[in-house]
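upload_5.tsv (TSV, C-alpha atoms and all ligand atoms) appears below.
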```tsv
chain	number	residue	atom	x	y	z
A	1	MET	CA	36.38	54.97	-48.42
A	2	PRO	CA	34.37	52.45	-50.47
A	3	THR	CA	30.85	53.40	-51.50
A	4	PHE	CA	27.92	51.45	-50.04
A	5	ASP	CA	27.52	49.55	-53.32
A	6	ALA	CA	31.17	48.59	-53.41
A	7	LEU	CA	31.07	47.46	-49.78
A	8	LEU	CA	27.97	45.40	-50.43
A	9	ARG	CA	29.56	43.75	-53.47
A	10	GLU	CA	32.60	42.92	-51.40
A	11	LEU	CA	30.46	41.43	-48.60
A	12	ARG	CA	28.43	39.41	-51.11
A	13	GLY	CA	31.64	37.99	-52.51
A	14	THR	CA	33.11	36.98	-49.18
A	15	THR	CA	30.19	35.85	-47.02
A	16	ALA	CA	28.23	32.65	-47.05
A	17	GLU	CA	24.55	32.84	-47.89
A	18	LEU	CA	21.79	30.29	-48.11
A	19	ASP	CA	18.33	30.57	-49.55
A	20	ALA	CA	14.99	30.05	-47.86
A	21	ALA	CA	14.50	26.48	-49.09
A	22	ALA	CA	17.96	25.43	-47.86
A	23	LEU	CA	17.31	27.02	-44.47
A	24	ALA	CA	13.95	25.28	-44.16
A	25	HIS	CA	15.63	21.96	-44.98
A	26	GLU	CA	18.41	22.46	-42.42
A	27	ARG	CA	15.99	23.45	-39.69
A	28	GLN	CA	14.22	20.15	-40.21
A	29	ASN	CA	17.26	17.96	-40.68
A	30	GLY	CA	20.18	19.70	-38.96
A	31	SER	CA	22.98	21.56	-40.66
A	32	SER	CA	26.15	20.40	-42.26
A	33	SER	CA	29.23	20.83	-40.15
A	34	ALA	CA	32.96	21.01	-40.73
A	35	LEU	CA	33.39	18.03	-38.40
A	36	PRO	CA	32.94	14.45	-39.61
A	37	PRO	CA	29.26	13.47	-39.20
A	38	ALA	CA	30.13	10.96	-36.48
A	39	LEU	CA	31.59	13.72	-34.28
A	40	ALA	CA	29.23	16.53	-35.09
A	41	PRO	CA	25.66	16.44	-33.85
A	42	ALA	CA	23.42	17.61	-36.66
A	43	LEU	CA	22.32	20.80	-34.93
A	44	PRO	CA	19.81	22.98	-36.65
A	45	PRO	CA	21.33	26.45	-36.99
A	46	ALA	CA	20.47	29.15	-34.46
A	47	LEU	CA	18.33	31.67	-36.30
A	48	ILE	CA	18.81	35.35	-35.48
A	49	ASP	CA	16.37	38.01	-36.66
A	50	VAL	CA	18.26	41.34	-36.77
A	51	ARG	CA	15.36	43.52	-37.91
A	52	GLU	CA	13.89	46.34	-35.85
A	53	ALA	CA	11.17	45.63	-33.29
A	54	ASP	CA	8.33	46.98	-35.45
A	55	GLU	CA	9.37	44.79	-38.38
A	56	HIS	CA	9.65	41.74	-36.12
A	57	ALA	CA	6.19	42.40	-34.68
A	58	GLN	CA	4.67	42.15	-38.17
A	59	GLY	CA	5.86	38.59	-38.62
A	60	ALA	CA	8.90	36.38	-38.11
A	61	ILE	CA	10.26	32.90	-38.81
A	62	PRO	CA	9.12	30.58	-35.99
A	63	GLY	CA	11.88	29.84	-33.49
A	64	ALA	CA	14.03	32.84	-34.46
A	65	VAL	CA	15.70	34.86	-31.73
A	66	HIS	CA	15.07	38.54	-32.20
A	67	ILE	CA	18.15	40.74	-31.68
A	68	PRO	CA	17.85	44.11	-33.41
A	69	ARG	CA	21.00	44.93	-35.38
A	70	GLY	CA	21.96	47.69	-32.94
A	71	PHE	CA	22.06	45.21	-30.02
A	72	LEU	CA	23.80	42.36	-31.82
A	73	GLU	CA	27.22	42.72	-30.20
A	74	LEU	CA	25.63	43.10	-26.76
A	75	ARG	CA	23.27	40.13	-26.90
A	76	ILE	CA	24.65	37.52	-29.25
A	77	GLU	CA	26.78	35.76	-26.62
A	78	ARG	CA	23.75	35.07	-24.49
A	79	ALA	CA	21.78	33.78	-27.48
A	80	VAL	CA	24.63	31.74	-28.98
A	81	PRO	CA	27.41	31.09	-26.44
A	82	ASP	CA	29.28	28.65	-28.70
A	83	ARG	CA	31.19	30.59	-31.37
A	84	ALA	CA	31.53	27.48	-33.55
A	85	ALA	CA	27.78	26.79	-33.58
A	86	PRO	CA	25.96	27.18	-36.88
A	87	VAL	CA	24.13	30.52	-37.05
A	88	VAL	CA	21.87	31.95	-39.73
A	89	ILE	CA	21.03	35.65	-39.70
A	90	TYR	CA	18.14	37.24	-41.46
A	91	CYS	CA	16.75	40.71	-42.00
A	92	ALA	CA	13.98	41.87	-44.34
A	93	SER	CA	15.77	41.44	-47.67
A	94	GLY	CA	19.21	39.97	-46.96
A	95	ILE	CA	21.32	43.13	-46.93
A	96	ARG	CA	21.48	44.15	-43.26
A	97	SER	CA	22.14	40.51	-42.43
A	98	LEU	CA	25.34	40.63	-44.50
A	99	PHE	CA	26.64	43.44	-42.33
A	100	ALA	CA	25.49	41.64	-39.21
A	101	GLN	CA	27.35	38.57	-40.38
A	102	ARG	CA	30.58	40.55	-40.63
A	103	THR	CA	30.05	41.80	-37.07
A	104	LEU	CA	29.71	38.22	-35.82
A	105	ALA	CA	32.84	37.18	-37.73
A	106	GLU	CA	34.71	39.98	-35.95
A	107	LEU	CA	33.44	38.59	-32.64
A	108	GLY	CA	34.90	35.19	-33.52
A	109	TYR	CA	31.82	33.36	-34.81
A	110	THR	CA	33.04	30.94	-37.46
A	111	ASN	CA	29.90	29.36	-38.91
A	112	VAL	CA	27.58	32.24	-39.74
A	113	ARG	CA	25.49	32.56	-42.88
A	114	SER	CA	23.03	35.10	-44.13
A	115	LEU	CA	19.58	34.29	-45.44
A	116	ALA	CA	19.53	35.45	-49.07
A	117	GLY	CA	16.33	37.37	-49.75
A	118	GLY	CA	15.65	37.71	-46.02
A	119	PHE	CA	12.22	37.36	-44.46
A	120	THR	CA	10.58	38.63	-47.66
A	121	GLY	CA	12.11	35.75	-49.62
A	122	TRP	CA	11.09	33.28	-46.90
A	123	LYS	CA	7.49	34.43	-47.07
A	124	ARG	CA	7.52	34.47	-50.87
A	125	ALA	CA	8.68	30.84	-50.86
A	126	GLY	CA	5.48	29.99	-48.98
A	127	LEU	CA	7.35	28.88	-45.86
A	128	PRO	CA	5.70	29.12	-42.43
A	129	TRP	CA	5.93	32.32	-40.43
A	130	GLU	CA	4.14	33.64	-37.39
A	131	GLN	CA	3.12	36.87	-35.80
A	132	PRO	CA	5.20	37.06	-32.60
A	133	ARG	CA	3.11	37.45	-29.49
A	134	ALA	CA	3.62	40.64	-27.58
A	135	LEU	CA	2.69	42.05	-24.18
A	136	ARG	CA	-0.25	44.43	-23.98
A	137	PRO	CA	0.71	47.95	-22.86
A	138	ASP	CA	-0.68	47.32	-19.35
A	139	GLN	CA	1.30	44.07	-19.18
A	140	GLU	CA	4.45	45.88	-20.27
A	141	THR	CA	4.08	48.03	-17.17
A	142	ARG	CA	3.00	45.25	-14.82
A	143	TYR	CA	5.86	42.94	-15.76
A	144	SER	CA	8.54	45.55	-16.49
A	145	ARG	CA	10.72	44.41	-13.56
A	146	HIS	CA	10.75	40.95	-15.12
A	147	THR	CA	11.31	41.99	-18.72
A	148	LEU	CA	14.24	44.16	-17.62
A	149	ILE	CA	16.06	40.99	-16.56
A	150	PRO	CA	17.87	39.72	-19.67
A	151	GLU	CA	17.34	36.07	-18.64
A	152	ILE	CA	13.56	36.62	-18.62
A	153	GLY	CA	12.76	39.41	-21.08
A	154	VAL	CA	9.49	39.64	-22.98
A	155	ALA	CA	9.88	36.09	-24.29
A	156	GLY	CA	10.17	34.72	-20.74
A	157	GLN	CA	7.19	36.72	-19.54
A	158	LEU	CA	5.09	35.44	-22.45
A	159	LYS	CA	6.18	31.94	-21.49
A	160	LEU	CA	4.98	32.51	-17.91
A	161	LEU	CA	1.67	33.90	-19.16
A	162	SER	CA	1.03	30.75	-21.14
A	163	ALA	CA	2.24	28.45	-18.34
A	164	LYS	CA	0.04	26.32	-16.09
A	165	VAL	CA	0.96	25.42	-12.51
A	166	LEU	CA	-1.08	23.25	-10.16
A	167	CYS	CA	-0.99	23.93	-6.43
A	168	ILE	CA	-1.95	20.92	-4.35
A	169	GLY	CA	-3.54	22.56	-1.33
A	170	ALA	CA	-4.60	26.17	-0.76
A	171	GLY	CA	-3.12	26.20	2.72
A	172	GLY	CA	0.11	27.40	4.31
A	173	LEU	CA	2.38	26.46	1.39
A	174	GLY	CA	-0.19	26.95	-1.35
A	175	SER	CA	-0.93	30.51	-0.16
A	176	PRO	CA	2.43	32.17	-0.78
A	177	SER	CA	3.31	29.97	-3.75
A	178	SER	CA	0.08	30.67	-5.63
A	179	MET	CA	0.13	34.36	-4.76
A	180	TYR	CA	3.69	34.91	-5.97
A	181	LEU	CA	3.05	32.84	-9.10
A	182	ALA	CA	-0.01	34.97	-9.76
A	183	ALA	CA	1.89	38.20	-9.21
A	184	ALA	CA	4.63	36.91	-11.52
A	185	GLY	CA	2.06	36.41	-14.28
A	186	VAL	CA	1.82	32.62	-14.46
A	187	GLY	CA	-1.23	32.52	-16.70
A	188	THR	CA	-3.10	29.56	-15.26
A	189	ILE	CA	-3.00	28.43	-11.65
A	190	GLY	CA	-4.89	25.32	-10.66
A	191	VAL	CA	-5.82	24.93	-7.00
A	192	VAL	CA	-6.83	21.59	-5.46
A	193	ASP	CA	-8.46	21.81	-2.03
A	194	ASP	CA	-11.67	20.40	-0.61
A	195	ASP	CA	-11.64	22.41	2.62
A	196	VAL	CA	-13.30	25.60	3.80
A	197	VAL	CA	-11.56	28.54	5.48
A	198	ASP	CA	-11.26	28.00	9.23
A	199	ALA	CA	-10.19	30.51	11.88
A	200	SER	CA	-7.19	28.33	12.81
A	201	ASN	CA	-5.88	28.67	9.22
A	202	LEU	CA	-5.45	32.44	9.27
A	203	GLN	CA	-2.25	32.42	11.35
A	204	ARG	CA	-0.40	31.39	8.15
A	205	GLN	CA	-2.71	30.87	5.17
A	206	ILE	CA	-2.52	34.37	3.72
A	207	LEU	CA	-4.72	33.57	0.71
A	208	HIS	CA	-7.71	33.72	3.05
A	209	SER	CA	-9.20	36.33	5.32
A	210	THR	CA	-11.43	36.73	8.33
A	211	GLU	CA	-14.49	37.70	6.32
A	212	ARG	CA	-14.14	34.51	4.27
A	213	LEU	CA	-14.45	32.09	7.19
A	214	GLY	CA	-16.51	29.14	6.02
A	215	THR	CA	-15.90	29.91	2.31
A	216	PRO	CA	-14.45	27.07	0.22
A	217	LYS	CA	-10.70	27.63	0.06
A	218	VAL	CA	-10.62	27.36	-3.73
A	219	GLU	CA	-13.17	30.22	-3.95
A	220	SER	CA	-11.22	32.32	-1.49
A	221	ALA	CA	-7.98	31.55	-3.38
A	222	GLU	CA	-9.53	32.65	-6.66
A	223	GLN	CA	-10.72	35.95	-5.18
A	224	THR	CA	-7.27	36.76	-3.79
A	225	ILE	CA	-5.41	35.70	-6.92
A	226	ARG	CA	-7.73	37.54	-9.31
A	227	GLY	CA	-7.49	40.62	-7.10
A	228	LEU	CA	-3.71	40.46	-7.38
A	229	ASN	CA	-3.60	39.86	-11.11
A	230	PRO	CA	-6.59	39.65	-13.46
A	231	ASP	CA	-4.30	38.10	-16.14
A	232	VAL	CA	-4.39	34.84	-14.17
A	233	LYS	CA	-6.99	32.19	-14.77
A	234	VAL	CA	-7.72	30.12	-11.66
A	235	GLU	CA	-8.79	26.53	-12.19
A	236	LYS	CA	-10.65	25.48	-9.05
A	237	HIS	CA	-10.67	21.83	-8.07
A	238	ARG	CA	-12.75	21.57	-4.91
A	239	THR	CA	-11.90	17.98	-4.19
A	240	ARG	CA	-9.41	15.80	-2.38
A	241	LEU	CA	-6.79	14.21	-4.57
A	242	ASP	CA	-7.20	10.43	-4.75
A	243	SER	CA	-6.21	7.56	-6.99
A	244	THR	CA	-9.28	7.97	-9.18
A	245	ASN	CA	-8.83	11.67	-10.00
A	246	ALA	CA	-5.07	12.34	-9.63
A	247	LEU	CA	-4.06	11.79	-13.27
A	248	GLU	CA	-6.99	13.72	-14.65
A	249	LEU	CA	-6.44	16.65	-12.26
A	250	MET	CA	-2.70	16.88	-12.77
A	251	ARG	CA	-2.63	16.39	-16.54
A	252	GLY	CA	-1.82	19.47	-18.61
A	253	TYR	CA	0.05	21.37	-15.90
A	254	GLY	CA	3.72	22.22	-16.47
A	255	VAL	CA	4.73	22.13	-12.80
A	256	ILE	CA	3.05	20.71	-9.70
A	257	ILE	CA	3.52	22.47	-6.37
A	258	ASP	CA	3.00	19.95	-3.61
A	259	GLY	CA	1.73	21.76	-0.54
A	260	ALA	CA	0.01	18.72	0.92
A	261	ASP	CA	0.13	18.11	4.65
A	262	ASN	CA	-0.07	14.33	4.58
A	263	PHE	CA	1.90	11.36	3.33
A	264	ALA	CA	-0.99	9.83	1.42
A	265	THR	CA	-1.30	12.83	-0.89
A	266	ARG	CA	2.47	13.19	-1.31
A	267	TYR	CA	2.82	9.60	-2.52
A	268	LEU	CA	-0.09	10.06	-4.87
A	269	VAL	CA	1.34	13.32	-6.26
A	270	ASN	CA	4.73	11.67	-6.73
A	271	ASP	CA	3.39	8.58	-8.45
A	272	ALA	CA	0.94	10.40	-10.72
A	273	ALA	CA	3.57	13.02	-11.65
A	274	LEU	CA	6.01	10.27	-12.63
A	275	ARG	CA	3.36	8.75	-14.84
A	276	LEU	CA	2.68	12.13	-16.44
A	277	GLY	CA	6.34	13.21	-16.58
A	278	VAL	CA	5.66	16.49	-14.74
A	279	PRO	CA	8.11	17.98	-12.21
A	280	VAL	CA	6.97	18.36	-8.60
A	281	VAL	CA	8.20	21.08	-6.28
A	282	HIS	CA	7.83	19.42	-2.92
A	283	ALA	CA	7.93	21.09	0.49
A	284	SER	CA	6.94	20.19	4.00
A	285	ILE	CA	6.92	22.06	7.29
A	286	PHE	CA	7.04	21.04	10.94
A	287	ARG	CA	7.16	23.51	13.84
A	288	PHE	CA	10.33	25.54	13.09
A	289	GLU	CA	11.72	23.44	10.26
A	290	GLY	CA	10.97	23.33	6.57
A	291	GLN	CA	12.19	21.10	3.76
A	292	ILE	CA	12.08	21.61	0.03
A	293	THR	CA	13.26	19.70	-3.04
A	294	VAL	CA	12.30	19.22	-6.68
A	295	PHE	CA	11.39	15.86	-8.17
A	296	PRO	CA	12.20	16.30	-11.86
A	297	GLY	CA	9.72	15.45	-14.59
A	298	GLY	CA	12.14	12.92	-16.02
A	299	GLY	CA	12.06	11.15	-12.64
A	300	SER	CA	14.94	10.34	-10.29
A	301	PRO	CA	15.37	10.91	-7.52
A	302	CYS	CA	11.71	10.91	-6.54
A	303	TYR	CA	9.75	11.05	-3.29
A	304	ARG	CA	9.91	7.27	-2.92
A	305	CYS	CA	13.72	7.35	-3.22
A	306	LEU	CA	13.49	9.46	-0.06
A	307	TYR	CA	10.67	7.55	1.65
A	308	PRO	CA	10.08	4.18	-0.09
A	309	GLN	CA	7.01	3.40	2.03
A	310	PRO	CA	4.75	5.48	4.25
A	311	PRO	CA	5.51	5.28	7.97
A	312	PRO	CA	3.01	3.43	10.14
A	313	ALA	CA	0.10	5.72	10.98
A	314	GLU	CA	0.91	5.83	14.69
A	315	GLU	CA	4.41	7.22	13.97
A	316	ALA	CA	3.33	10.02	11.66
A	317	PRO	CA	3.05	13.37	13.42
A	318	SER	CA	-0.47	14.61	13.75
A	319	CYS	CA	-0.71	17.95	12.01
A	320	ALA	CA	-3.11	19.40	14.52
A	321	GLU	CA	-0.82	18.50	17.43
A	322	ALA	CA	2.49	19.31	15.76
A	323	GLY	CA	1.92	23.00	15.13
A	324	VAL	CA	3.93	25.25	12.90
A	325	LEU	CA	5.40	28.73	13.09
A	326	GLY	CA	3.08	30.87	10.95
A	327	VAL	CA	5.78	32.47	8.80
A	328	LEU	CA	7.56	29.18	8.07
A	329	PRO	CA	5.24	28.07	5.23
A	330	GLY	CA	5.68	31.60	3.84
A	331	ILE	CA	9.39	31.03	3.41
A	332	MET	CA	9.04	27.50	2.06
A	333	GLY	CA	6.12	28.40	-0.25
A	334	VAL	CA	8.04	31.31	-1.74
A	335	LEU	CA	10.97	28.98	-2.38
A	336	GLN	CA	8.52	26.62	-4.10
A	337	ALA	CA	7.25	29.43	-6.33
A	338	THR	CA	10.86	30.35	-7.16
A	339	GLU	CA	11.68	26.79	-8.19
A	340	ALA	CA	8.50	26.59	-10.26
A	341	ILE	CA	9.38	29.76	-12.18
A	342	LYS	CA	12.93	28.48	-12.74
A	343	LEU	CA	11.52	25.23	-14.13
A	344	LEU	CA	9.04	27.04	-16.38
A	345	LEU	CA	11.72	29.33	-17.80
A	346	GLY	CA	14.59	26.83	-17.79
A	347	LEU	CA	16.60	29.17	-15.55
A	348	GLY	CA	19.51	28.29	-13.29
A	349	GLU	CA	19.92	24.99	-11.48
A	350	PRO	CA	16.73	23.31	-10.34
A	351	LEU	CA	16.66	21.90	-6.84
A	352	ALA	CA	16.51	18.33	-8.18
A	353	GLY	CA	18.60	15.78	-6.28
A	354	ARG	CA	19.09	18.23	-3.41
A	355	LEU	CA	17.05	18.68	-0.26
A	356	ILE	CA	17.18	22.04	1.49
A	357	VAL	CA	16.42	21.97	5.20
A	358	TYR	CA	15.62	25.34	6.75
A	359	ASP	CA	15.94	25.73	10.50
A	360	ALA	CA	14.09	28.90	11.47
A	361	LEU	CA	15.44	28.93	15.05
A	362	LYS	CA	19.07	28.87	13.96
A	363	THR	CA	18.36	30.72	10.67
A	364	ARG	CA	20.29	28.09	8.82
A	365	PHE	CA	19.83	26.40	5.45
A	366	ARG	CA	21.43	22.98	5.07
A	367	GLU	CA	21.71	21.16	1.75
A	368	LEU	CA	21.57	17.39	1.60
A	369	LYS	CA	22.26	15.33	-1.49
A	370	LEU	CA	19.41	13.10	-2.57
A	371	ARG	CA	20.41	9.93	-4.32
A	372	ARG	CA	18.36	8.01	-6.77
A	373	ASP	CA	17.57	4.57	-5.38
A	374	PRO	CA	18.03	1.99	-8.17
A	375	ARG	CA	15.49	-0.19	-6.34
A	376	CYS	CA	12.97	2.64	-5.99
A	377	PRO	CA	9.52	1.19	-6.74
A	378	THR	CA	8.55	4.16	-8.92
A	379	CYS	CA	11.75	5.46	-10.56
A	380	GLY	CA	14.20	2.57	-10.09
A	381	ASP	CA	15.88	0.43	-12.73
A	382	GLY	CA	13.48	-1.27	-15.10
A	383	VAL	CA	10.35	0.38	-13.69
A	384	ASP	CA	7.68	0.98	-16.32
A	385	ARG	CA	6.44	4.41	-15.29
A	386	ALA	CA	3.27	4.11	-17.32
A	387	ALA	CA	2.30	1.17	-15.13
A	388	ILE	CA	2.96	2.75	-11.71
A	389	PRO	CA	-0.11	1.90	-9.62
A	390	LEU	CA	-1.85	4.77	-7.85
A	391	ILE	CA	-2.51	3.90	-4.22
A	392	ASP	CA	-4.85	5.48	-1.68
A	393	TYR	CA	-3.01	5.21	1.60
A	394	GLU	CA	-4.91	5.76	4.79
A	395	GLN	CA	-5.18	9.50	5.47
A	396	PHE	CA	-3.35	9.49	8.76
A	397	CYS	CA	-3.12	13.20	9.02
A	398	ALA	CA	-6.57	14.25	8.07
A	399	GLY	CA	-6.46	17.69	9.68
A	400	SER	CA	-6.58	20.91	7.74
A	401	ARG	CA	-3.80	21.69	5.27
A	402	HIS	CA	-0.61	23.09	6.76
A	501	ZN	ZN	12.43	7.15	-6.88
```
When written as structure tokens, how does the structure in this file appear?
Ligand SMILES: [Zn+2]
Amino acid sequence: MPTFDALLRELRGTTAELDAAALAHERQNGSSSALPPALAPALPPALIDVREADEHAQGAIPGAVHIPRGFLELRIERAVPDRAAPVVIYCASGIRSLFAQRTLAELGYTNVRSLAGGFTGWKRAGLPWEQPRALRPDQETRYSRHTLIPEIGVAGQLKLLSAKVLCIGAGGLGSPSSMYLAAAGVGTIGVVDDDVVDASNLQRQILHSTERLGTPKVESAEQTIRGLNPDVKVEKHRTRLDSTNALELMRGYGVIIDGADNFATRYLVNDAALRLGVPVVHASIFRFEGQITVFPGGGSPCYRCLYPQPPPAEEAPSCAEAGVLGVLPGIMGVLQATEAIKLLLGLGEPLAGRLIVYDALKTRFRELKLRRDPRCPTCGDGVDRAAIPLIDYEQFCAGSRH
């Protein structure tokens, strides 16, 4: 059996190392690759911090993925699925990372290097580092069922806590979506609604309650959301979205949940979101049927690919007359919240380019493909999104929100 010193000497002789300055340079400019430059994208190396949790909490290189040495074999494939991708490992001083490097070589990783001098050397070189954010003890408990999911983890929960989602409407769709987003720990939830709580809302709008009849819906929404989760900041916008305030209201949010009950608002949300480059999770409900899709932040297909122009006012269903099964917005709003969380965390396949139609009577979900219309006035070929005009269509369904 070799001694530790002999083993270390052997590892030093056989494994590739780079120093802090070289790593900093590659992270800015991409790494060298075995492939000719024309074939190989200059990817910056994936950076893996193999120190223990308490060491990591004291400070780390920005952008590093933390996988304690003992979990390396278990978690590396999720962090770096491509075994040919450039990887740099670091520990505190550059010794544990040599052993970690050998482990990765045994797992088939072919382009792994160790940071000579480790995090200590990085700091000594005056390179930037950060104190990783962590959950408070009460948050660790509150969000434990999230952090247990490897695809979310503490990093995903922290992302949710710093995320901002805007709910257009605190009605049937806005109720379940904002409540589940709040419970999930989305840190800032904006609510746009100019209405007050009415008795006819309570059959489905579970944000509100009987004792809050006559209260502005944004106030009632804040009370419910803060009661659910004091981590959440509620930004109240007691106004109706129009062409003069849409951009200002929607700016700064990572995802927009469209729970509007009228075409005028939906067009405005679509057009303003395309100008801002923000994804919209759109849903609508009618009696026993709900629809949901996602209009991606990059555009295409968008709401106008689906409906290029609003229907004439006399053909649009009147909300007050149409009616809706009370639980239906619950289902559609929860689907909206799910899509929003997926978008915020980059999880799974977003519902972009697909329209889900839910038939409550048959208990059936149908999926329709949405195609981008190259002649779409807001996302078609050659459209300058920055110049999309914001239009106030006639509010032909001016009743209360769904
Ligand atoms: Zn379009």
Taking all atoms listed in the file into account, which residues are within 8 Å of ligand ZN 501 (chain A), as a short mmCIF file (atom, residue, chain, number, x, y, z; two decimals) with C-alpha atoms, in the coordinates of the input?
```
data_model
loop_
_atom_site.label_atom_id
_atom_site.label_comp_id
_atom_site.auth_asym_id
_atom_site.auth_seq_id
_atom_site.Cartn_x
_atom_site.Cartn_y
_atom_site.Cartn_z
CA GLY A 299 12.06 11.15 -12.64
CA SER A 300 14.94 10.34 -10.29
CA PRO A 301 15.37 10.91 -7.52
CA CYS A 302 11.71 10.91 -6.54
CA TYR A 303 9.75 11.05 -3.29
CA ARG A 304 9.91 7.27 -2.92
CA CYS A 305 13.72 7.35 -3.22
CA LEU A 306 13.49 9.46 -0.06
CA PRO A 308 10.08 4.18 -0.09
CA ARG A 372 18.36 8.01 -6.77
CA ASP A 373 17.57 4.57 -5.38
CA PRO A 374 18.03 1.99 -8.17
CA ARG A 375 15.49 -0.19 -6.34
CA CYS A 376 12.97 2.64 -5.99
CA PRO A 377 9.52 1.19 -6.74
CA THR A 378 8.55 4.16 -8.92
CA CYS A 379 11.75 5.46 -10.56
CA GLY A 380 14.20 2.57 -10.09
#
```
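Atom pair CA of Asp193 in chain A / CA of Leu160 in chain A: separated by 23.4 Å.
Residue nearest Gly290 in chain A within the list A:Arg364, A:Arg371, A:Arg251, A:Lys159: A:Arg364 [criterion: smallest interatomic distance, all atoms listed in the file].
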For this session: Please check which residues have atoms at most 10 Å from (17.5, 49.8, -31.1) in the file's coordinates, counting all atoms listed in the file, and write them as a ChimeraX atom specification.
Result: /A:51-53,67-72
Listed atoms of range 200-211 of chain A boxed along x, y and z, 8 Å each side, centre and edge lengths in Å, one decimal, as JSON:
```
{"center_x": -7.4, "center_y": 33.0, "center_z": 6.8, "size_x": 30.1, "size_y": 25.4, "size_z": 28.1}
```
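With all atoms listed in the file as the basis for measurement, A:Asp194 is the residue among A:Asp271, A:Asp49, A:Asp384, A:Asp194 that approaches Lys236 in chain A most closely.
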Exercise. What does the distance between CA of Asn201 in chain A and CA of Ser175 in chain A come to in Å, to one decimal place?
Worked result: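 Atom-to-atom, CA of Asn201 in chain A to CA of Ser175 in chain A, that is 10.8 Å.
You will find CA of Gly156 in chain A at 26.1 Å from CA of Gln223 in chain A.
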For this session: Identify which of the residues A:Pro279, A:Gly333, A:Pro389, A:Gly169 lies closest to Pro350 in chain A, counting only C-alpha atoms when measuring atom-to-atom distances.
Result: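 For Pro350 in chain A, the nearest of the given residues is A:Pro279.
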Using all atoms listed in the file, determine which residues lie at most 8 Å from Asp392 in chain A, disregarding the query and same-chain residues fewer than 4 positions distant; provide the list as a short mmCIF file (atom, residue, chain, number, x, y, z; two decimals) with C-alpha atoms, keeping the file's coordinate frame.
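As a result, out.cif now contains:
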```cif
data_model
loop_
_atom_site.label_atom_id
_atom_site.label_comp_id
_atom_site.auth_asym_id
_atom_site.auth_seq_id
_atom_site.Cartn_x
_atom_site.Cartn_y
_atom_site.Cartn_z
CA ASP A 242 -7.20 10.43 -4.75
CA SER A 243 -6.21 7.56 -6.99
CA ALA A 264 -0.99 9.83 1.42
CA LEU A 268 -0.09 10.06 -4.87
#
```
